[in-house]
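File shown here: upload.pdb, holding PDB, C-alpha atoms and all ligand atoms.
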ATOM      1  CA  MET A  13      30.411 -40.109  42.310
ATOM      2  CA  LYS A  14      30.306 -42.959  44.840
ATOM      3  CA  TYR A  15      27.127 -43.536  46.822
ATOM      4  CA  ASN A  16      25.418 -45.917  49.195
ATOM      5  CA  VAL A  17      21.785 -46.324  50.244
ATOM      6  CA  ILE A  18      20.544 -47.073  53.767
ATOM      7  CA  HIS A  19      16.857 -47.955  53.955
ATOM      8  CA  ARG A  20      14.347 -48.627  56.708
ATOM      9  CA  GLY A  21      13.638 -52.222  55.715
ATOM     10  CA  ASP A  22       9.981 -51.884  54.731
ATOM     11  CA  ASP A  23       8.761 -52.827  51.239
ATOM     12  CA  VAL A  24       8.260 -49.259  50.027
ATOM     13  CA  SER A  25      11.775 -48.182  51.044
ATOM     14  CA  PHE A  26      13.281 -51.380  49.632
ATOM     15  CA  GLU A  27      11.605 -50.879  46.244
ATOM     16  CA  LEU A  28      12.710 -47.259  46.141
ATOM     17  CA  MET A  29      16.256 -48.377  46.823
ATOM     18  CA  GLN A  30      16.073 -50.831  43.903
ATOM     19  CA  ARG A  31      14.732 -48.080  41.681
ATOM     20  CA  PHE A  32      17.497 -45.726  42.769
ATOM     21  CA  HIS A  33      20.176 -48.326  42.025
ATOM     22  CA  GLU A  34      18.798 -48.665  38.453
ATOM     23  CA  LEU A  35      18.751 -44.900  37.957
ATOM     24  CA  ALA A  36      22.224 -44.562  39.473
ATOM     25  CA  ALA A  37      23.661 -47.229  37.159
ATOM     26  CA  ASP A  38      22.210 -45.367  34.147
ATOM     27  CA  SER A  39      23.725 -42.108  35.427
ATOM     28  CA  GLY A  40      27.225 -43.445  36.039
ATOM     29  CA  LEU A  41      27.003 -43.239  39.841
ATOM     30  CA  LEU A  42      29.009 -45.976  41.576
ATOM     31  CA  LEU A  43      27.748 -48.057  44.478
ATOM     32  CA  ASP A  44      30.427 -48.074  47.205
ATOM     33  CA  GLU A  45      29.452 -49.179  50.711
ATOM     34  CA  GLN A  46      32.917 -48.614  52.207
ATOM     35  CA  SER A  47      33.657 -45.039  51.213
ATOM     36  CA  PRO A  48      30.651 -43.349  49.616
ATOM     37  CA  GLU A  49      30.559 -39.614  48.965
ATOM     38  CA  ILE A  50      26.766 -39.524  49.098
ATOM     39  CA  VAL A  51      24.685 -41.601  51.516
ATOM     40  CA  LEU A  52      21.019 -41.744  50.596
ATOM     41  CA  SER A  53      18.708 -42.550  53.499
ATOM     42  CA  ILE A  54      15.304 -43.928  52.517
ATOM     43  CA  GLY A  55      12.842 -44.092  55.412
ATOM     44  CA  GLY A  56      12.358 -41.759  58.373
ATOM     45  CA  ASP A  57      14.598 -39.737  60.635
ATOM     46  CA  GLY A  58      15.484 -42.946  62.453
ATOM     47  CA  THR A  59      16.938 -44.258  59.178
ATOM     48  CA  LEU A  60      19.072 -41.157  58.827
ATOM     49  CA  LEU A  61      20.290 -41.572  62.407
ATOM     50  CA  HIS A  62      21.361 -45.136  61.528
ATOM     51  CA  ALA A  63      23.153 -43.878  58.421
ATOM     52  CA  PHE A  64      24.921 -41.168  60.438
ATOM     53  CA  HIS A  65      26.204 -43.679  63.004
ATOM     54  CA  GLN A  66      27.279 -46.167  60.368
ATOM     55  CA  TYR A  67      29.530 -43.507  58.825
ATOM     56  CA  SER A  68      30.329 -41.312  61.839
ATOM     57  CA  ASP A  69      34.068 -41.872  61.341
ATOM     58  CA  GLN A  70      33.916 -40.525  57.755
ATOM     59  CA  LEU A  71      31.782 -37.404  58.225
ATOM     60  CA  ASP A  72      34.181 -35.115  56.361
ATOM     61  CA  ASN A  73      33.880 -37.146  53.171
ATOM     62  CA  ILE A  74      30.154 -37.881  53.140
ATOM     63  CA  ALA A  75      27.078 -35.836  52.357
ATOM     64  CA  PHE A  76      23.739 -37.274  53.497
ATOM     65  CA  VAL A  77      20.484 -36.922  51.630
ATOM     66  CA  GLY A  78      17.101 -38.362  52.548
ATOM     67  CA  ILE A  79      13.919 -39.575  50.895
ATOM     68  CA  HIS A  80      11.090 -39.943  53.403
ATOM     69  CA  THR A  81       8.735 -42.859  53.074
ATOM     70  CA  GLY A  82       5.707 -42.288  55.229
ATOM     71  CA  ARG A  83       7.252 -40.942  58.436
ATOM     72  CA  LEU A  84       7.956 -37.403  59.575
ATOM     73  CA  GLY A  85      11.367 -37.404  57.913
ATOM     74  CA  PHE A  86      12.435 -34.025  59.233
ATOM     75  CA  PHE A  87      15.925 -34.662  57.861
ATOM     76  CA  ALA A  88      14.665 -35.924  54.498
ATOM     77  CA  ASP A  89      14.019 -33.388  51.751
ATOM     78  CA  TRP A  90      12.701 -35.673  49.059
ATOM     79  CA  LYS A  91       9.430 -37.467  48.412
ATOM     80  CA  PRO A  92       9.353 -40.972  46.912
ATOM     81  CA  ASP A  93       7.921 -39.760  43.582
ATOM     82  CA  GLU A  94      10.933 -37.452  43.206
ATOM     83  CA  VAL A  95      13.520 -40.230  43.042
ATOM     84  CA  GLU A  96      14.144 -39.721  39.281
ATOM     85  CA  HIS A  97      14.590 -35.987  39.795
ATOM     86  CA  LEU A  98      17.009 -36.593  42.675
ATOM     87  CA  ALA A  99      19.066 -39.116  40.657
ATOM     88  CA  ARG A 100      19.262 -36.623  37.773
ATOM     89  CA  LEU A 101      20.459 -33.787  40.036
ATOM     90  CA  MET A 102      23.038 -36.128  41.579
ATOM     91  CA  HIS A 103      24.268 -37.054  38.125
ATOM     92  CA  GLU A 104      24.508 -33.360  37.164
ATOM     93  CA  SER A 105      26.455 -32.555  40.282
ATOM     94  CA  ALA A 106      28.792 -35.521  39.651
ATOM     95  CA  VAL A 107      29.431 -34.250  36.102
ATOM     96  CA  SER A 108      30.015 -30.636  37.158
ATOM     97  CA  GLY A 109      31.992 -31.672  40.240
ATOM     98  CA  ASN A 110      29.930 -29.136  42.131
ATOM     99  CA  LEU A 111      28.172 -30.621  45.143
ATOM    100  CA  GLN A 112      26.369 -28.111  47.378
ATOM    101  CA  VAL A 113      26.449 -29.095  51.036
ATOM    102  CA  VAL A 114      25.380 -27.559  54.327
ATOM    103  CA  LYS A 115      27.389 -28.379  57.446
ATOM    104  CA  TYR A 116      25.684 -28.609  60.810
ATOM    105  CA  PRO A 117      27.180 -29.039  64.299
ATOM    106  CA  VAL A 118      26.855 -32.275  66.274
ATOM    107  CA  VAL A 119      27.286 -33.039  69.973
ATOM    108  CA  GLU A 120      30.529 -34.569  71.192
ATOM    109  CA  VAL A 121      29.855 -36.856  74.144
ATOM    110  CA  GLN A 122      32.767 -38.041  76.284
ATOM    111  CA  ILE A 123      31.863 -40.822  78.683
ATOM    112  CA  ILE A 124      34.405 -40.965  81.483
ATOM    113  CA  THR A 125      34.790 -44.194  83.472
ATOM    114  CA  GLU A 126      37.455 -45.339  85.942
ATOM    115  CA  THR A 127      39.279 -46.959  83.042
ATOM    116  CA  GLY A 128      39.205 -44.271  80.385
ATOM    117  CA  VAL A 129      37.258 -41.972  78.081
ATOM    118  CA  GLU A 130      34.935 -43.040  75.263
ATOM    119  CA  THR A 131      34.048 -40.429  72.691
ATOM    120  CA  HIS A 132      30.812 -40.496  70.686
ATOM    121  CA  LEU A 133      29.027 -38.109  68.359
ATOM    122  CA  ALA A 134      25.300 -37.474  68.545
ATOM    123  CA  LEU A 135      23.400 -36.091  65.579
ATOM    124  CA  ASN A 136      20.254 -35.382  67.629
ATOM    125  CA  GLU A 137      21.056 -35.676  71.304
ATOM    126  CA  PHE A 138      22.581 -37.360  74.296
ATOM    127  CA  THR A 139      20.234 -38.272  77.137
ATOM    128  CA  LEU A 140      20.946 -39.559  80.616
ATOM    129  CA  LYS A 141      18.140 -41.116  82.663
ATOM    130  CA  GLY A 142      17.760 -42.965  85.917
ATOM    131  CA  VAL A 143      16.810 -46.649  85.839
ATOM    132  CA  GLU A 144      15.218 -47.960  89.054
ATOM    133  CA  ILE A 145      15.152 -44.586  90.782
ATOM    134  CA  THR A 146      15.063 -40.990  89.632
ATOM    135  CA  LEU A 147      18.351 -39.698  88.305
ATOM    136  CA  VAL A 148      20.450 -37.699  90.726
ATOM    137  CA  ALA A 149      23.328 -35.890  89.078
ATOM    138  CA  GLU A 150      25.536 -32.849  89.502
ATOM    139  CA  LEU A 151      25.632 -30.556  86.501
ATOM    140  CA  HIS A 152      28.722 -28.430  85.985
ATOM    141  CA  ILE A 153      29.111 -25.796  83.298
ATOM    142  CA  ASN A 154      32.669 -24.892  82.288
ATOM    143  CA  ASP A 155      34.020 -26.705  85.346
ATOM    144  CA  GLU A 156      31.876 -24.703  87.790
ATOM    145  CA  PRO A 157      29.127 -26.499  89.758
ATOM    146  CA  PHE A 158      25.780 -25.329  88.375
ATOM    147  CA  GLU A 159      23.025 -27.393  89.980
ATOM    148  CA  THR A 160      22.111 -30.766  91.422
ATOM    149  CA  PHE A 161      19.531 -32.348  89.175
ATOM    150  CA  ARG A 162      16.934 -34.774  90.458
ATOM    151  CA  GLY A 163      14.297 -36.100  88.088
ATOM    152  CA  ASP A 164      13.800 -38.314  85.049
ATOM    153  CA  GLY A 165      16.820 -37.141  83.107
ATOM    154  CA  ILE A 166      18.844 -34.621  81.146
ATOM    155  CA  CYS A 167      18.871 -34.110  77.379
ATOM    156  CA  VAL A 168      21.745 -32.395  75.556
ATOM    157  CA  SER A 169      20.864 -31.741  71.931
ATOM    158  CA  SER A 170      22.419 -30.332  68.787
ATOM    159  CA  PRO A 171      20.599 -27.689  66.723
ATOM    160  CA  CYS A 172      19.574 -30.514  64.307
ATOM    161  CA  GLY A 173      18.184 -32.430  67.277
ATOM    162  CA  SER A 174      16.458 -29.369  68.717
ATOM    163  CA  THR A 175      13.325 -30.313  66.760
ATOM    164  CA  ALA A 176      13.369 -33.890  68.136
ATOM    165  CA  TYR A 177      13.275 -34.972  71.807
ATOM    166  CA  ASN A 178      14.377 -31.497  72.902
ATOM    167  CA  LYS A 179      11.240 -29.975  71.397
ATOM    168  CA  SER A 180       9.004 -32.309  73.404
ATOM    169  CA  LEU A 181      10.826 -31.120  76.525
ATOM    170  CA  GLY A 182       9.987 -27.476  75.852
ATOM    171  CA  GLY A 183      13.430 -26.682  74.483
ATOM    172  CA  ALA A 184      13.924 -23.995  71.859
ATOM    173  CA  ILE A 185      14.378 -24.763  68.200
ATOM    174  CA  VAL A 186      17.888 -23.636  67.306
ATOM    175  CA  HIS A 187      18.970 -22.783  63.787
ATOM    176  CA  PRO A 188      21.738 -25.218  62.788
ATOM    177  CA  SER A 189      23.984 -22.408  61.569
ATOM    178  CA  LEU A 190      24.568 -21.707  65.288
ATOM    179  CA  ASP A 191      27.373 -23.776  66.810
ATOM    180  CA  ALA A 192      25.618 -24.589  70.059
ATOM    181  CA  ILE A 193      24.265 -27.319  72.303
ATOM    182  CA  GLN A 194      21.104 -27.154  74.391
ATOM    183  CA  ILE A 195      20.589 -28.693  77.837
ATOM    184  CA  ALA A 196      16.947 -29.499  78.607
ATOM    185  CA  GLU A 197      15.552 -31.082  81.749
ATOM    186  CA  ILE A 198      13.349 -34.174  81.653
ATOM    187  CA  ALA A 199      10.791 -33.839  84.446
ATOM    188  CA  SER A 200      12.973 -32.323  87.149
ATOM    189  CA  ILE A 201      11.741 -32.484  90.723
ATOM    190  CA  ASN A 202      11.547 -28.968  92.102
ATOM    191  CA  ASN A 203      10.569 -28.187  95.690
ATOM    192  CA  ARG A 204      12.118 -26.762  98.862
ATOM    193  CA  VAL A 205      14.702 -29.501  98.901
ATOM    194  CA  TYR A 206      15.678 -29.945  95.242
ATOM    195  CA  ARG A 207      16.095 -27.023  92.906
ATOM    196  CA  THR A 208      17.163 -26.815  89.287
ATOM    197  CA  LEU A 209      17.074 -23.878  86.895
ATOM    198  CA  GLY A 210      13.960 -25.219  85.191
ATOM    199  CA  SER A 211      14.688 -23.589  81.822
ATOM    200  CA  PRO A 212      16.563 -25.005  78.859
ATOM    201  CA  VAL A 213      20.069 -23.581  78.510
ATOM    202  CA  ILE A 214      22.023 -23.028  75.298
ATOM    203  CA  LEU A 215      25.808 -23.209  75.378
ATOM    204  CA  PRO A 216      28.047 -21.837  72.623
ATOM    205  CA  LYS A 217      30.981 -23.753  71.226
ATOM    206  CA  HIS A 218      34.062 -23.780  73.445
ATOM    207  CA  HIS A 219      31.753 -24.180  76.471
ATOM    208  CA  HIS A 220      31.102 -27.594  77.951
ATOM    209  CA  CYS A 221      28.980 -29.230  80.576
ATOM    210  CA  ASP A 222      29.830 -32.192  82.783
ATOM    211  CA  ILE A 223      27.211 -34.427  84.330
ATOM    212  CA  TYR A 224      28.223 -36.476  87.368
ATOM    213  CA  PRO A 225      25.634 -39.151  88.166
ATOM    214  CA  LYS A 226      25.468 -40.010  91.871
ATOM    215  CA  SER A 227      28.010 -42.754  92.380
ATOM    216  CA  LYS A 228      27.069 -46.378  91.710
ATOM    217  CA  GLN A 229      23.751 -45.364  90.192
ATOM    218  CA  ASN A 230      22.401 -47.425  87.321
ATOM    219  CA  VAL A 231      21.797 -45.034  84.449
ATOM    220  CA  LEU A 232      20.398 -45.234  80.948
ATOM    221  CA  VAL A 233      22.648 -43.549  78.413
ATOM    222  CA  ALA A 234      21.227 -42.748  74.984
ATOM    223  CA  ILE A 235      22.982 -41.342  71.961
ATOM    224  CA  ASP A 236      20.303 -40.699  69.355
ATOM    225  CA  HIS A 237      18.420 -44.021  68.927
ATOM    226  CA  LEU A 238      21.112 -46.081  70.723
ATOM    227  CA  ASN A 239      20.420 -46.902  74.400
ATOM    228  CA  VAL A 240      22.571 -48.694  76.961
ATOM    229  CA  GLN A 241      22.249 -49.210  80.690
ATOM    230  CA  ARG A 242      25.470 -48.656  82.661
ATOM    231  CA  ASN A 243      26.749 -48.448  86.217
ATOM    232  CA  ASP A 244      30.396 -47.559  85.579
ATOM    233  CA  ILE A 245      30.077 -43.890  84.673
ATOM    234  CA  VAL A 246      32.068 -41.281  86.558
ATOM    235  CA  SER A 247      30.960 -38.331  84.426
ATOM    236  CA  ILE A 248      29.854 -37.301  80.965
ATOM    237  CA  ARG A 249      31.113 -34.251  79.137
ATOM    238  CA  CYS A 250      29.089 -32.697  76.308
ATOM    239  CA  MET A 251      30.133 -29.936  73.934
ATOM    240  CA  VAL A 252      29.842 -28.842  70.337
ATOM    241  CA  ALA A 253      32.095 -31.273  68.441
ATOM    242  CA  ALA A 254      35.172 -29.328  67.397
ATOM    243  CA  GLY A 255      36.002 -29.638  63.723
ATOM    244  CA  ARG A 256      33.445 -32.337  63.018
ATOM    245  CA  LYS A 257      30.138 -31.544  61.401
ATOM    246  CA  VAL A 258      27.434 -33.488  59.625
ATOM    247  CA  ARG A 259      27.104 -32.605  55.942
ATOM    248  CA  PHE A 260      23.819 -32.682  54.047
ATOM    249  CA  ALA A 261      23.722 -32.502  50.258
ATOM    250  CA  ARG A 262      21.464 -29.713  49.061
ATOM    251  CA  PHE A 263      20.449 -30.415  45.495
ATOM    252  CA  ARG A 264      17.834 -27.702  45.885
ATOM    253  CA  PRO A 265      17.205 -25.157  48.634
ATOM    254  CA  PHE A 266      14.989 -26.111  51.556
ATOM    255  CA  PRO A 267      15.459 -23.489  54.287
ATOM    256  CA  PHE A 268      15.420 -24.709  57.877
ATOM    257  CA  TRP A 269      12.401 -22.612  58.856
ATOM    258  CA  SER A 270      10.402 -23.980  55.911
ATOM    259  CA  ARG A 271      11.348 -27.445  57.111
ATOM    260  CA  VAL A 272      10.123 -26.580  60.614
ATOM    261  CA  ARG A 273       6.866 -25.169  59.267
ATOM    262  CA  GLU A 274       6.210 -28.164  57.033
ATOM    263  CA  GLY A 275       7.168 -30.649  59.730
ATOM    264  CA  PHE A 276       5.198 -29.196  62.601
ATOM    265  CA  ILE A 277       2.583 -26.763  61.338
ATOM    266  CA  GLY A 278       1.636 -28.088  57.919
ATOM    267  CA  TYR A 279       1.568 -26.780  54.400
ATOM    268  CA  ASP A 280      -1.517 -24.558  54.438
ATOM    269  CA  LEU A 281      -0.843 -21.241  56.093
ATOM    270  CA  LYS A 282      -4.164 -19.469  56.536
TER
HETATM  271  P1  LIG A 301      11.150 -42.584  66.870
HETATM  272  O1  LIG A 301      10.415 -43.031  68.076
HETATM  273  O2  LIG A 301      10.643 -42.935  65.516
HETATM  274  O3  LIG A 301      11.374 -40.987  66.931
HETATM  275  C1  LIG A 301      10.415 -40.167  67.483
HETATM  276  C2  LIG A 301      10.028 -39.095  66.473
HETATM  277  O4  LIG A 301      11.086 -38.129  66.361
HETATM  278  C3  LIG A 301       9.763 -39.607  65.069
HETATM  279  O5  LIG A 301       8.608 -38.976  64.577
HETATM  280  C4  LIG A 301      10.998 -39.177  64.319
HETATM  281  O6  LIG A 301      10.745 -39.014  62.930
HETATM  282  C5  LIG A 301      11.259 -37.854  64.978
HETATM  283  N1  LIG A 301      12.591 -37.270  64.831
HETATM  284  C6  LIG A 301      13.800 -37.881  64.931
HETATM  285  N2  LIG A 301      14.776 -36.979  64.743
HETATM  286  C7  LIG A 301      14.176 -35.789  64.520
HETATM  287  C8  LIG A 301      14.657 -34.481  64.284
HETATM  288  N3  LIG A 301      15.966 -34.194  64.259
HETATM  289  N4  LIG A 301      13.747 -33.474  64.132
HETATM  290  C9  LIG A 301      12.436 -33.729  64.198
HETATM  291  N5  LIG A 301      11.919 -34.942  64.423
HETATM  292  C10 LIG A 301      12.787 -35.962  64.596
HETATM  293  O7  LIG A 301      12.663 -43.085  67.044
HETATM  294  P2  LIG A 301      13.835 -42.919  66.000
HETATM  295  O8  LIG A 301      13.289 -42.705  64.635
HETATM  296  O9  LIG A 301      14.812 -44.006  66.270
HETATM  297  O10 LIG A 301      14.497 -41.544  66.462
HETATM  298  C11 LIG A 301      15.241 -41.440  67.634
HETATM  299  C12 LIG A 301      14.955 -40.065  68.156
HETATM  300  O11 LIG A 301      13.677 -40.060  68.756
HETATM  301  C13 LIG A 301      15.863 -39.621  69.260
HETATM  302  O12 LIG A 301      17.075 -39.096  68.741
HETATM  303  C14 LIG A 301      15.012 -38.589  69.941
HETATM  304  O13 LIG A 301      15.249 -37.283  69.417
HETATM  305  C15 LIG A 301      13.592 -38.942  69.577
HETATM  306  N6  LIG A 301      12.821 -39.210  70.791
HETATM  307  C16 LIG A 301      11.821 -38.360  71.077
HETATM  308  C17 LIG A 301      11.107 -38.526  72.255
HETATM  309  C18 LIG A 301      10.025 -37.545  72.555
HETATM  310  O14 LIG A 301       9.825 -36.623  71.772
HETATM  311  N7  LIG A 301       9.361 -37.684  73.690
HETATM  312  C19 LIG A 301      11.407 -39.549  73.127
HETATM  313  C20 LIG A 301      12.432 -40.419  72.792
HETATM  314  C21 LIG A 301      13.155 -40.229  71.608
HETATM  315  P3  LIG A 301      10.510 -40.303  61.970
HETATM  316  O15 LIG A 301       9.083 -40.656  62.179
HETATM  317  O16 LIG A 301      10.766 -39.785  60.590
HETATM  318  O17 LIG A 301      11.467 -41.385  62.389
HETATM  319 MN    MN A 302      11.557 -43.205  63.689
END
Would you write out, as structure tokens, the structure that this file holds?
Ligand code: NAP
Ligand code: MN
Amino acid sequence: MKYNVIHRGDDVSFELMQRFHELAADSGLLLDEQSPEIVLSIGGDGTLLHAFHQYSDQLDNIAFVGIHTGRLGFFADWKPDEVEHLARLMHESAVSGNLQVVKYPVVEVQIITETGVETHLALNEFTLKGVEITLVAELHINDEPFETFRGDGICVSSPCGSTAYNKSLGGAIVHPSLDAIQIAEIASINNRVYRTLGSPVILPKHHHCDIYPKSKQNVLVAIDHLNVQRNDIVSIRCMVAAGRKVRFARFRPFPFWSRVREGFIGYDLK
């Protein structure tokens, strides 16, 4: 089984990576940065987002797994002191040829400019924000005008990302077995003049939304942790990515709702 490790860059994560390489060599796992079957992320969720984007053109062939070192690590199932256990389970799955994976939907983001269409995938979310002034944008759902948004911005998240920025915006947490995207408002201005729905909206697959920023507006476009400022955008289309999913290796069960409870409520249920 071919693997690669992406780490956060701190000493703890670096040492864990070294340790994993030793264990992997003893277990017959092969380091392959170009075409790994397993990508181990050591760090926080941000590290996993980096790993996802590094390999976003090979999603069908890669299963991600995470060890969290210190941070929230919502995506990461494993603790640093479990690295031996994880390496052993990986070895066993390599020997048996039986790798258990879960597949979760991601957001397809099409950025349309006068010169063409750029397609990106977001593991967590796409956000659009204003720069000097509040964002003004038309939101269409399935090619029908829905509302004119005025405010700080719009967030379109995947179920995996529903526990990230979306959650801070009052969005719902969506189980990743649902093929859906969620549109959440970031501080919309609502008064007699400007009106938006005010509630997060969840779209199923095969639906799409288009956001048309007011022309010539400087906007901040973010896909997960990657931010760029642009002034050439005609519109942005978001939908559940068809046929492309992120795969996580499950060497042991860790149900989504347990993950949510551990991440946000804590271990001790009274
Ligand atoms: P960051 O500032 O470290 O991320 C903010 C927090 O979100 C961190 O605690 C991070 O966990 C956590 N997180 C990331 N993805 C998550 C997920 N799917 N479920 C639950 N928590 C998650 O920046 P970053 O590590 O580069 O992550 C970028 C992400 O930050 C963006 O995709 C966006 O979702 C999120 N963000 C949130 C807000 C907000 O809530 N107001 C604002 C901007 C961005 P770790 O500590 O393990 O990294
Ligand atoms: Mn982070």
*asked:* Using all atoms listed in the file, which residues of the polymer chains come no farther than 7 Å from ligand LIG 301 (chain A)? I'd like the answer as a VMD selection string.
replied: chain A and resid 56 to 59 83 to 87 136 to 137 172 to 180 236 to 237
Put a box with edges along x, y and z around all the listed atoms of region 179-196 of chain A, pad it by 3 Å on each side, then give me its centre and sizes in Å, one decimal, as lines of an AutoDock Vina configuration file.
center_x = 18.2
center_y = -27.0
center_z = 70.1
size_x = 24.4
size_y = 16.6
size_z = 23.0
*asked:* Show me, as JSON, numbers by chain, the residues that have an atom within 12 Å of region 220-222 of chain A when counting all atoms listed in the file, minus same-chain residues fewer than 4 positions from it.
replied: {"A": [119, 120, 121, 122, 123, 124, 140, 149, 150, 151, 152, 153, 154, 155, 156, 157, 158, 159, 160, 166, 167, 168, 192, 193, 194, 195, 213, 214, 215, 216, 245, 246, 247, 248, 249, 250, 251, 252, 253, 254]}
*How far is it from CA of Arg259 (chain A) to CA of Ala75 (chain A), in Å with one decimal?*
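For CA of Arg259 (chain A) relative to CA of Ala75 (chain A), the distance reads 4.8 Å.
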_Calculated over only C-alpha atoms, which of the candidates A:Gln70, A:Ser39, A:Ser169, A:Gln112 has the smallest distance to His97 (chain A)?_
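Closest to His97 (chain A) of all the choices is A:Ser39.
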_Å distance separating CA of Tyr224 (chain A) from CA of Val148 (chain A), one decimal place_ = 8.6 Å
*So, counting all atoms listed in the file, which residue among A:Asp23, A:His218, A:Asp244, A:Thr139 is closest to Ala196 (chain A)?*
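Answer, going by the shortest atom-to-atom distance: A:Thr139.
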*Specify as a ChimeraX atom specification each residue included when the PyMOL selection byres (((chain A and resi 28-32) around 8) and not hetatm) is applied to this file.*
/A:17,19,24-27,33-36,54,92,95-96,99
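Comparing the minimum interatomic distances between ligand MN 302 (chain A) and each of A:Leu61, A:Met13, A:Val51, A:Val186, counting all atoms listed in the file, we find that A:Leu61 sits nearest.
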*Which residues match the PyMOL selection byres (((chain A and resi 262-265) around 6) and not hetatm) in the file above, as a list of chain:residue names?*
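When the PyMOL selection byres (((chain A and resi 262-265) around 6) and not hetatm) is applied, the selected residues are A:Gln112, A:Val113, A:Ala261, A:Phe266.
If all atoms listed in the file are the atoms counted, then among A:His132, A:Tyr15, A:His187, A:Asp89 the closest residue to Ala106 (chain A) is A:Tyr15.
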